[in-house]
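Below is one structure; the comments refer to it alone.
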Amino acid sequence: MASADNVTPNYDRIKDLEQFDHNKNGVKGLKDSGMASIPKFFIQPPEVLSTLKPPPQTNYTGDIPIIDLENINSQTHHPEIVKQIKEAAKEWGFFQVINHGIPISILEKTIQAVKSFHEQPDEVKTKYYGREMKSGFAYSSNVDLYNAKTATWHDYLHHWMAPEELAAKLEDIPDIMREEAVAWDVFAKRLAEDVMELLCEGIGLESSKFKELSCSCQRLFVGGYYPYCPQPDLTLGLAPHTDSGTITVLLTNQISGLQIKHEEEWVDVKPLPEAVIINIADLLQIISNGEYNSVEHRVRANTCQEARISVTEFFNLTKWKEYGSFGPLPELVSKEKPALYRQFTEHDYYSNLHLNGLECKSMVWLPFPNSLSTLKPPSQTNTGDIPVIDLENINSEPHRPKIVEQIKEAAKEWGFFQVINHGIPISVMEETIQAVKSFHEQPDKVKAKYYNRAGGVAYSSNIDLYRAKAATCHDYLHLWMAPEERAAKVEEIPEIVRKEAVAWDGFATKLAEDVMELLSEGLGLESSRFKELSCSGLKFILGLQVKHGQEWVDVKPLPGAIVINIADLLQIISNGEYNSVQHRVRANSCQEARISVAEFFGLSKWKEYGTFGPLPELVSAEKPALYRQFREDDFYSNLHINGLESKTMVEKFKL
């Protein structure tokens with residue numbers, strides 16, 4: 001079978017993309033030419049082709065919820081509709097609404113108007129052809145043509161309806177669809193706001209809350225055209241993606257093709273006559289603090305001679321200047337349900353918008369899908385259950401004892417926890433991640449000069465390459481930050497990561513020492529005890545499932561949070577009060593690289609203390625020492641002697 005991987009080595013993809021784009025005829029032009037096979041740049045990679053089973057063989061058909069809005073204003077029926085909307089938005093992220101108040105004539109005329117525009121002669125349409133999304137009216141093909149890995153089989157038109165500074169002038173909208181587009185906008189906005197009121201009530205907010213936040217004030221009208229595809233088993237109509245705004249209102253003709261991701265399966269959506277499809281978008285998932293879900297969806301290539309038509313109105317926020325930033329609503333955040341997402345500015349939002357094409361869900365974190373028998377599908381694993389601890393009130397006398405208790409329990413029961421409100425600026429976190437990413441994505445010849453398995457600064461792959469039973473799929477760079485005799489000289493650190501690494505070290509050391517103080521207090525020690533032992537004196541920079549109760553548990557990193565884990569030496573020094581647990585990283589199944597920045601802290605005062613082992617304060621007749629004392633040469637001679645998989649420190653020194 002053909003795939004994106006088997007094109008000829010000298011194939012000039014960019015040249016073909018530019019020729020297709022400059023022709024301005026879209027995929028309809030390709031279809032009208034009578035071609036029997038699609039161009040190579042439309043052919044999907046093997047991992048996508050394997051999911052393109054013929055529609056009759058898919059596992060579900062038309063199972064998304066259907067909600068009747070006829071009695072929306074009835075006191076008797078309203079609560080049940082709210083419940084249905086809430087459940088659909090949380091479990092599916094998509095639902096169809098019937099008896100929605102939009103006249104059938106409006107539905108039909110809007111579909112026909114979009115169809116009529118796309119089926120005009122090429123010479124009429126081409127004067128509107130363009131890729132500018134900022135304002136006005138445009139017709140094109142594949143909004144992400146140049147930054148997606150493969151093209152998909154559709155054309156589209158779009159124009160802004162609101163706000164006023166973006167909206168297309170009436171005279172700029174082609175006469176063939178002007179009246180219908182304006183009418184559709186009025187009804188779609190009314191329906192979206194009705195649904196948003198129900199969604200507000202579903203999570204205990206005032207019904208007007210989303211409207212007050214301007215969730216319906218930016219509106220983009222998109223008219224999609226999916227012509228017959230001669231090889232529908234080799235491409236898609238539209239790539240998997242989530243919508244980036246607040247809510248989406250979708251109208252289609254009766255040609256199927258839409259699929260949504262539900263419980264790791266692609267589910268066909270069969271449009272009901274006269275129904276309208278609603279889906280939750282990324283910003284509403286964030287604002288609702290995960291109460292509502294924005295789910296992946298895609299469109300299969302059309303197998304029918306009749307074109308599939310879609311009319312999509314995307315709704316979004318506008319009050320960026322008034323609010324400054326957006327994030328989970330304070331009303332939906334509590335100790336029991338901490339914020340799952342950080343606050344973000346308008347610049348954050350637009351700089352990340354479809355950074356790598358439609359397939360990149362950049363606004364909401366997508367957990368990595370879940371090593372042979374243990375590599376269960378994500379739906380069968382625990383996800384994100386490690387404790388989350390808020391350090392905001394770490395210096396408050398009323399709150400500190402509670403934080404100490406939380407840290408103690410997490411370190412003993414899990415060995416891992418995430419901390420929020422930790423004092424490290426978001427900008428430092430983002431810049432550090434980007435710096436590490438930039439280093440690894442330099443040309444090979446630039447990185448190669450740092451390649452080695454020792455030294456103050458090194459770039460390599462698989463630290464235990466020659467000792468492990470099997471290699472794993474990752475590269476790394478590491479640099480010693482302390483103590484002085486081992487630390488890399490500043491000028492030796494690659495310039496592309498130098499400033500960021502030094503800044504990160506300062507903040508990471510401060511956070512580590514704060515956490516060590518809490519851990520000390522949790523054991524009844526002086527808060528400075530671990531620091532006196534030089535527990536933060538040895539550092540180098542180099543992400544996740546943890547072993548808990550014999551199960552591998554997925555860790556879903558919270559935006560803005562830092563993951564902390566107990567290491568072997570602290571388990572030994574604490575005489576087993578705190579636990580160093582096994583953890584691993586699954587091979588990355590996403591096209592975007594997974595980036596981790598780990599700072600490992602260790603002891604340095606070997607000469608001063610001679611040996612280390614369980615602290616005398618933590619050993620008694622009732623709790624005898626679980627580990628023996630050991631010297632520096634004992635420690636380093638046993639360090640990962642059989643590769644990373646062996647927990648040599650704890651087992652070697654156990655009494």
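Just remember, in the structure tokens the first chain shown is A, the second B, etc., residues are 1-based per chain, and ligands are 1-based in the order shown.
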
Alpha helix (DSSP H) residues, from DSSP on the backbone, in region 93-203 of chain A, as number ranges by chain: A: 104-118, 122-125, 178-202

7 Å contact set for Pro232 (chain A), only C-alpha atoms, chain neighbours under 5 positions out, as a tab-separated table (two decimals) with C-alpha atoms, in the first residue's frame:
chain	number	residue	atom	x	y	z
A	301	ALA	CA	-12.07	11.53	2.47
A	302	ASN	CA	-15.36	11.56	0.58
A	303	THR	CA	-16.32	8.32	-1.21

Nearest to Glu517 (chain A) by atom-to-atom distance, counting only C-alpha atoms, from A:Glu409, A:Glu164, A:Glu532, A:Asp175: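 For Glu517 (chain A), the nearest of the given residues is A:Glu532.
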
Region 459-646 of chain A: residues DSSP assigns to strand (DSSP E or B), reported as a PyMOL selection string: chain A and resi 459-461+475-482+538-541+545-548+551-554+562-565+583-584+599-602+612+627+630+641+643

Given only C-alpha atoms as the counted atoms, nearest of A:Trp184, A:Trp266, A:Trp320, A:Phe221 to Ala138 (chain A):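 Answer, going by the shortest atom-to-atom distance: A:Phe221.
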
Can you tell me, as a PDB file with N, CA and C atoms, in the first residue's frame, what residues are no more than 7 Å from Gly26 (chain A) when counting only C-alpha atoms, ignoring any on the same chain fewer than 3 positions away?
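Saved the output as part_13.pdb:
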ATOM      1  N   GLY A  29     -10.454  21.177  -8.134  1.00  0.00           N
ATOM      2  CA  GLY A  29      -9.813  21.235  -9.438  1.00  0.00           C
ATOM      3  C   GLY A  29      -9.135  19.929  -9.795  1.00  0.00           C
ATOM      4  N   LEU A  30      -8.523  19.268  -8.802  1.00  0.00           N
ATOM      5  CA  LEU A  30      -7.902  17.962  -9.044  1.00  0.00           C
ATOM      6  C   LEU A  30      -8.961  16.930  -9.399  1.00  0.00           C
ATOM      7  N   SER A 140      -9.618  28.952  -0.169  1.00  0.00           N
ATOM      8  CA  SER A 140      -8.332  28.282  -0.301  1.00  0.00           C
ATOM      9  C   SER A 140      -8.519  26.779  -0.129  1.00  0.00           C
ATOM     10  N   SER A 141      -7.402  26.084   0.030  1.00  0.00           N
ATOM     11  CA  SER A 141      -7.411  24.651   0.279  1.00  0.00           C
ATOM     12  C   SER A 141      -6.357  24.345   1.326  1.00  0.00           C
ATOM     13  N   ASP A 155     -11.429  21.739   0.316  1.00  0.00           N
ATOM     14  CA  ASP A 155     -11.273  23.170   0.095  1.00  0.00           C
ATOM     15  C   ASP A 155     -12.141  23.889   1.121  1.00  0.00           C
TER      16      ASP A 155
END
